[in-house]
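Novice: Below is a structure I'd like to ask you about.
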Amino acid sequence: MIALLQRVSQASVTVDNKVTGEIGKGLLVFVAVEPTDCEAKAKRLAERVAGYRVFEDEQGKMNLNVKQAAGEILVVSQFTLAADTTRGMRPSFTNAAPAEISNGLYESFCENLRHLGFKVPTGIFGADMKVSLLNDGPVTFRLTC
């Protein structure tokens, strides 16, 4: 599984002109599922996202995780993160898991974050989503499991 974390001051996702999820300070997390991913990877990736220290402490060092920084998490599915871009001028999506597998593991990832104490607003899996964000830093990291 792949997670692209963006530290944000605010973020929202809209589907059909309706906001389906929004947060203030926290992490906007784009998630992609690959064919070899499983429930254990969804759980481990959620733990990594929740514990990843990307917020500044009193000394200005990235030593705080999202919970310690009193932040929120917004999760959006994004299969394009699994694209193979090594050849040509058009991405290949053979590295992305089929929707029937991806949706279940995406939901499992979100549920694991909820078990860790987060509210976890989301986009809608497979929908045409409009994502708005104010990147804080900018600070962006790619995590894999």
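Ordering of the structure tokens sets the chain letters (A, B, ...), residue numbers begin anew at 1 in every chain, and ligands are numbered from 1 in the order given.
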Which residues of region 74-94 of chain A come within 7 Å of region 12-36 of chain A, and what is each one's closest atom pair and distance in Å (one decimal), counting only C-alpha atoms, sorted by chain and residue number, as CSV?

Specialist:
residue,atom,partner,partner_atom,distance
A:Leu74,CA,A:Leu28,CA,4.9
A:Val75,CA,A:Val29,CA,4.8
A:Val76,CA,A:Phe30,CA,4.8
A:Ser77,CA,A:Val31,CA,4.8
A:Gln78,CA,A:Ala32,CA,5.3
A:Phe79,CA,A:Ala32,CA,4.7
A:Leu81,CA,A:Ala32,CA,5.8
A:Ala82,CA,A:Ala32,CA,6.0

Novice: What does the file look like for those residues with C-alpha atoms, as a PDB file, in the first residue's frame?

Specialist:
ATOM      1  CA  LEU A  74      -8.601  13.260   5.845  1.00  0.00           C
ATOM      2  CA  VAL A  75      -8.241  10.178   3.615  1.00  0.00           C
ATOM      3  CA  VAL A  76      -8.762  10.111  -0.158  1.00  0.00           C
ATOM      4  CA  SER A  77      -8.352   7.067  -2.412  1.00  0.00           C
ATOM      5  CA  GLN A  78      -5.982   7.698  -5.315  1.00  0.00           C
ATOM      6  CA  PHE A  79      -5.090   4.697  -7.468  1.00  0.00           C
ATOM      7  CA  LEU A  81      -0.141   6.678  -6.886  1.00  0.00           C
ATOM      8  CA  ALA A  82       0.440   3.075  -7.959  1.00  0.00           C
TER       9      ALA A  82
END

Novice: Contacts of Asn112 (chain A) at 10 Å or less, counting only C-alpha atoms, minus same-chain residues fewer than 2 places along, as JSON, numbers by chain?

Specialist: {"A": [39, 42, 43, 44, 45, 46, 47, 50, 106, 107, 108, 109, 110, 114, 115, 116, 117, 118, 120]}

Novice: DSSP on the backbone: what in region 1-109 of chain A comes out alpha helix (DSSP H), as an mmCIF file with N, CA and C atoms, in the first residue's frame?

Specialist:
data_model
loop_
_atom_site.group_PDB
_atom_site.id
_atom_site.type_symbol
_atom_site.label_atom_id
_atom_site.label_comp_id
_atom_site.auth_asym_id
_atom_site.auth_seq_id
_atom_site.Cartn_x
_atom_site.Cartn_y
_atom_site.Cartn_z
ATOM 1 N N GLU A 39 -4.742 -7.145 4.489
ATOM 2 C CA GLU A 39 -5.235 -6.504 5.714
ATOM 3 C C GLU A 39 -4.089 -6.099 6.649
ATOM 4 N N ALA A 40 -3.082 -6.935 6.751
ATOM 5 C CA ALA A 40 -1.948 -6.625 7.630
ATOM 6 C C ALA A 40 -1.233 -5.355 7.167
ATOM 7 N N LYS A 41 -1.112 -5.178 5.856
ATOM 8 C CA LYS A 41 -0.480 -3.968 5.340
ATOM 9 C C LYS A 41 -1.343 -2.741 5.589
ATOM 10 N N ALA A 42 -2.665 -2.897 5.479
ATOM 11 C CA ALA A 42 -3.576 -1.774 5.755
ATOM 12 C C ALA A 42 -3.447 -1.333 7.208
ATOM 13 N N LYS A 43 -3.341 -2.296 8.108
ATOM 14 C CA LYS A 43 -3.184 -1.971 9.531
ATOM 15 C C LYS A 43 -1.840 -1.307 9.792
ATOM 16 N N ARG A 44 -0.775 -1.856 9.237
ATOM 17 C CA ARG A 44 0.567 -1.297 9.453
ATOM 18 C C ARG A 44 0.683 0.103 8.871
ATOM 19 N N LEU A 45 0.103 0.334 7.690
ATOM 20 C CA LEU A 45 0.169 1.659 7.085
ATOM 21 C C LEU A 45 -0.597 2.674 7.932
ATOM 22 N N ALA A 46 -1.735 2.292 8.474
ATOM 23 C CA ALA A 46 -2.492 3.189 9.359
ATOM 24 C C ALA A 46 -1.657 3.543 10.591
ATOM 25 N N GLU A 47 -0.989 2.571 11.163
ATOM 26 C CA GLU A 47 -0.133 2.821 12.327
ATOM 27 C C GLU A 47 1.008 3.782 11.976
ATOM 28 N N ARG A 48 1.583 3.585 10.802
ATOM 29 C CA ARG A 48 2.682 4.460 10.367
ATOM 30 C C ARG A 48 2.193 5.886 10.150
ATOM 31 N N VAL A 49 1.042 6.036 9.484
ATOM 32 C CA VAL A 49 0.493 7.374 9.244
ATOM 33 C C VAL A 49 0.211 8.073 10.571
ATOM 34 N N ALA A 50 -0.444 7.367 11.492
ATOM 35 C CA ALA A 50 -0.795 7.956 12.788
ATOM 36 C C ALA A 50 0.440 8.318 13.605
ATOM 37 N N GLY A 51 1.495 7.543 13.466
ATOM 38 C CA GLY A 51 2.679 7.767 14.284
ATOM 39 C C GLY A 51 3.785 8.578 13.630
ATOM 40 N N ALA A 99 -10.507 -2.604 -8.377
ATOM 41 C CA ALA A 99 -11.389 -1.868 -7.457
ATOM 42 C C ALA A 99 -11.974 -2.750 -6.362
ATOM 43 N N GLU A 100 -12.353 -3.987 -6.688
ATOM 44 C CA GLU A 100 -12.974 -4.854 -5.682
ATOM 45 C C GLU A 100 -12.009 -5.197 -4.545
ATOM 46 N N ILE A 101 -10.724 -5.206 -4.814
ATOM 47 C CA ILE A 101 -9.721 -5.421 -3.766
ATOM 48 C C ILE A 101 -9.373 -4.090 -3.099
ATOM 49 N N SER A 102 -9.153 -3.073 -3.915
ATOM 50 C CA SER A 102 -8.744 -1.758 -3.408
ATOM 51 C C SER A 102 -9.743 -1.174 -2.432
ATOM 52 N N ASN A 103 -11.018 -1.225 -2.764
ATOM 53 C CA ASN A 103 -12.030 -0.608 -1.910
ATOM 54 C C ASN A 103 -12.029 -1.217 -0.514
ATOM 55 N N GLY A 104 -11.954 -2.532 -0.432
ATOM 56 C CA GLY A 104 -11.950 -3.189 0.875
ATOM 57 C C GLY A 104 -10.736 -2.813 1.713
ATOM 58 N N LEU A 105 -9.569 -2.756 1.100
ATOM 59 C CA LEU A 105 -8.361 -2.418 1.848
ATOM 60 C C LEU A 105 -8.310 -0.930 2.178
ATOM 61 N N TYR A 106 -8.841 -0.088 1.301
ATOM 62 C CA TYR A 106 -8.974 1.342 1.598
ATOM 63 C C TYR A 106 -9.871 1.539 2.823
ATOM 64 N N GLU A 107 -11.010 0.853 2.846
ATOM 65 C CA GLU A 107 -11.916 0.942 3.998
ATOM 66 C C GLU A 107 -11.258 0.391 5.256
ATOM 67 N N SER A 108 -10.501 -0.680 5.119
ATOM 68 C CA SER A 108 -9.790 -1.256 6.261
ATOM 69 C C SER A 108 -8.757 -0.274 6.808
ATOM 70 N N PHE A 109 -8.029 0.390 5.916
ATOM 71 C CA PHE A 109 -7.064 1.402 6.325
ATOM 72 C C PHE A 109 -7.761 2.497 7.140
#

Novice: Going by DSSP on the backbone, which bits of chain A are strand (DSSP E)? Write them as a CSV table (one decimal) with N, CA and C atoms, in the first residue's frame, please.

Specialist:
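Result written to out_2.csv:
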chain,number,residue,atom,x,y,z
A,2,ILE,N,0.3,2.3,-0.6
A,2,ILE,CA,1.1,3.5,-0.7
A,2,ILE,C,0.2,4.6,0.0
A,3,ALA,N,0.8,5.5,0.8
A,3,ALA,CA,0.2,6.6,1.3
A,3,ALA,C,1.0,7.9,1.0
A,4,LEU,N,0.4,8.9,0.5
A,4,LEU,CA,1.1,10.2,0.3
A,4,LEU,C,0.5,11.1,1.3
A,5,LEU,N,1.3,11.5,2.3
A,5,LEU,CA,0.9,12.4,3.4
A,5,LEU,C,1.3,13.8,3.0
A,6,GLN,N,0.3,14.7,3.2
A,6,GLN,CA,0.6,16.1,3.1
A,6,GLN,C,0.1,16.8,4.4
A,7,ARG,N,1.1,17.5,5.0
A,7,ARG,CA,0.7,18.2,6.2
A,7,ARG,C,0.0,19.5,5.7
A,8,VAL,N,-1.2,19.7,6.3
A,8,VAL,CA,-2.0,20.8,5.8
A,8,VAL,C,-2.5,21.7,6.9
A,9,SER,N,-2.8,22.9,6.6
A,9,SER,CA,-3.5,23.8,7.5
A,9,SER,C,-5.0,23.6,7.4
A,10,GLN,N,-5.5,23.1,6.2
A,10,GLN,CA,-6.9,22.8,6.0
A,10,GLN,C,-7.0,22.0,4.7
A,11,ALA,N,-8.0,21.1,4.6
A,11,ALA,CA,-8.2,20.3,3.4
A,11,ALA,C,-9.7,19.9,3.3
A,12,SER,N,-10.1,19.7,2.1
A,12,SER,CA,-11.5,19.2,1.9
A,12,SER,C,-11.6,18.4,0.6
A,13,VAL,N,-12.6,17.5,0.5
A,13,VAL,CA,-12.8,16.8,-0.7
A,13,VAL,C,-14.3,16.9,-1.0
A,14,THR,N,-14.6,17.2,-2.3
A,14,THR,CA,-16.0,17.4,-2.7
A,14,THR,C,-16.3,16.4,-3.8
A,15,VAL,N,-17.5,15.9,-3.8
A,15,VAL,CA,-18.1,15.0,-4.8
A,15,VAL,C,-19.4,15.5,-5.2
A,18,LYS,N,-20.8,18.5,-3.3
A,18,LYS,CA,-21.1,18.3,-1.9
A,18,LYS,C,-19.8,17.9,-1.2
A,19,VAL,N,-19.5,18.6,-0.1
A,19,VAL,CA,-18.3,18.3,0.7
A,19,VAL,C,-18.5,17.0,1.4
A,20,THR,N,-17.7,16.0,1.1
A,20,THR,CA,-17.8,14.7,1.8
A,20,THR,C,-16.9,14.5,3.0
A,21,GLY,N,-15.8,15.4,3.0
A,21,GLY,CA,-14.9,15.3,4.1
A,21,GLY,C,-14.1,16.6,4.2
A,22,GLU,N,-13.8,17.1,5.4
A,22,GLU,CA,-12.9,18.2,5.5
A,22,GLU,C,-12.3,18.2,6.9
A,23,ILE,N,-11.1,18.8,7.0
A,23,ILE,CA,-10.3,19.0,8.2
A,23,ILE,C,-9.7,20.3,8.3
A,26,GLY,N,-3.8,19.2,10.0
A,26,GLY,CA,-3.6,17.8,10.1
A,26,GLY,C,-2.9,17.2,8.9
A,27,LEU,N,-3.4,16.0,8.5
A,27,LEU,CA,-2.8,15.3,7.4
A,27,LEU,C,-3.9,15.0,6.4
A,28,LEU,N,-3.6,15.3,5.1
A,28,LEU,CA,-4.4,14.8,4.0
A,28,LEU,C,-3.6,13.6,3.5
A,29,VAL,N,-4.3,12.5,3.5
A,29,VAL,CA,-3.6,11.2,3.1
A,29,VAL,C,-4.3,10.6,1.8
A,30,PHE,N,-3.5,10.5,0.8
A,30,PHE,CA,-3.9,9.9,-0.5
A,30,PHE,C,-3.5,8.4,-0.4
A,31,VAL,N,-4.3,7.5,-0.7
A,31,VAL,CA,-4.0,6.1,-0.5
A,31,VAL,C,-4.2,5.3,-1.8
A,32,ALA,N,-3.2,4.4,-2.1
A,32,ALA,CA,-3.3,3.5,-3.3
A,32,ALA,C,-3.1,2.1,-2.8
A,55,PHE,N,5.1,17.0,12.4
A,55,PHE,CA,4.7,18.3,13.0
A,55,PHE,C,5.8,18.8,13.9
A,56,GLU,N,6.0,20.1,13.9
A,56,GLU,CA,7.1,20.7,14.7
A,56,GLU,C,6.8,20.7,16.2
A,62,MET,N,10.7,18.4,13.5
A,62,MET,CA,9.6,17.4,13.2
A,62,MET,C,9.7,16.3,14.2
A,63,ASN,N,9.1,16.5,15.4
A,63,ASN,CA,9.1,15.4,16.4
A,63,ASN,C,7.7,15.0,16.9
A,64,LEU,N,6.7,15.6,16.3
A,64,LEU,CA,5.3,15.3,16.8
A,64,LEU,C,4.5,14.6,15.7
A,72,GLU,N,-5.9,16.5,12.6
A,72,GLU,CA,-7.0,15.6,12.1
A,72,GLU,C,-6.4,14.8,10.8
A,73,ILE,N,-7.1,13.8,10.4
A,73,ILE,CA,-6.7,13.1,9.2
A,73,ILE,C,-7.9,13.0,8.2
A,74,LEU,N,-7.7,13.4,6.9
A,74,LEU,CA,-8.6,13.3,5.8
A,74,LEU,C,-8.0,12.3,4.9
A,75,VAL,N,-8.8,11.2,4.5
A,75,VAL,CA,-8.2,10.2,3.6
A,75,VAL,C,-9.0,10.2,2.3
A,76,VAL,N,-8.2,10.1,1.2
A,76,VAL,CA,-8.8,10.1,-0.2
A,76,VAL,C,-8.1,9.0,-0.9
A,77,SER,N,-8.9,8.1,-1.6
A,77,SER,CA,-8.4,7.1,-2.4
A,77,SER,C,-7.8,7.7,-3.7
A,129,MET,N,-13.4,13.2,-7.6
A,129,MET,CA,-13.3,14.0,-6.4
A,129,MET,C,-12.6,15.3,-6.7
A,130,LYS,N,-12.9,16.4,-6.1
A,130,LYS,CA,-12.2,17.6,-6.2
A,130,LYS,C,-11.6,17.8,-4.8
A,131,VAL,N,-10.3,17.9,-4.7
A,131,VAL,CA,-9.6,18.0,-3.5
A,131,VAL,C,-9.0,19.4,-3.3
A,132,SER,N,-9.3,20.0,-2.2
A,132,SER,CA,-8.7,21.4,-2.0
A,132,SER,C,-7.9,21.3,-0.7
A,133,LEU,N,-6.7,21.9,-0.8
A,133,LEU,CA,-5.8,21.8,0.4
A,133,LEU,C,-4.9,23.1,0.5
A,134,LEU,N,-4.5,23.4,1.7
A,134,LEU,CA,-3.5,24.4,1.9
A,134,LEU,C,-2.4,23.7,2.6
A,135,ASN,N,-1.4,23.3,1.8
A,135,ASN,CA,-0.2,22.6,2.2
A,135,ASN,C,0.6,23.4,3.2
A,136,ASP,N,0.9,22.8,4.3
A,136,ASP,CA,1.7,23.5,5.4
A,136,ASP,C,3.1,23.2,5.3
A,137,GLY,N,3.9,24.0,4.7
A,137,GLY,CA,5.4,23.8,4.6
A,137,GLY,C,6.0,24.3,3.3
A,138,PRO,N,5.8,23.6,2.2
A,138,PRO,CA,5.0,22.4,2.1
A,138,PRO,C,5.8,21.2,2.6
A,139,VAL,N,5.0,20.2,3.2
A,139,VAL,CA,5.6,19.0,3.8
A,139,VAL,C,4.8,17.9,3.2
A,140,THR,N,5.5,17.0,2.4
A,140,THR,CA,4.8,15.9,1.8
A,140,THR,C,5.7,14.7,1.9
A,141,PHE,N,5.2,13.5,2.3
A,141,PHE,CA,6.0,12.3,2.4
A,141,PHE,C,5.2,11.1,1.7
A,142,ARG,N,5.9,10.2,1.2
A,142,ARG,CA,5.4,9.0,0.6
A,142,ARG,C,5.7,7.8,1.5
A,143,LEU,N,4.7,7.1,2.0
A,143,LEU,CA,5.0,6.0,2.9
A,143,LEU,C,4.5,4.7,2.2
A,144,THR,N,5.2,3.6,2.3
A,144,THR,CA,4.7,2.3,1.8
A,144,THR,C,4.8,1.3,2.8

Novice: So how far away is CA of Thr122 (chain A) from CA of Thr80 (chain A), in Å?

Specialist: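 Atom-to-atom, CA of Thr80 (chain A) and CA of Thr122 (chain A) are spaced 17.1 Å apart.
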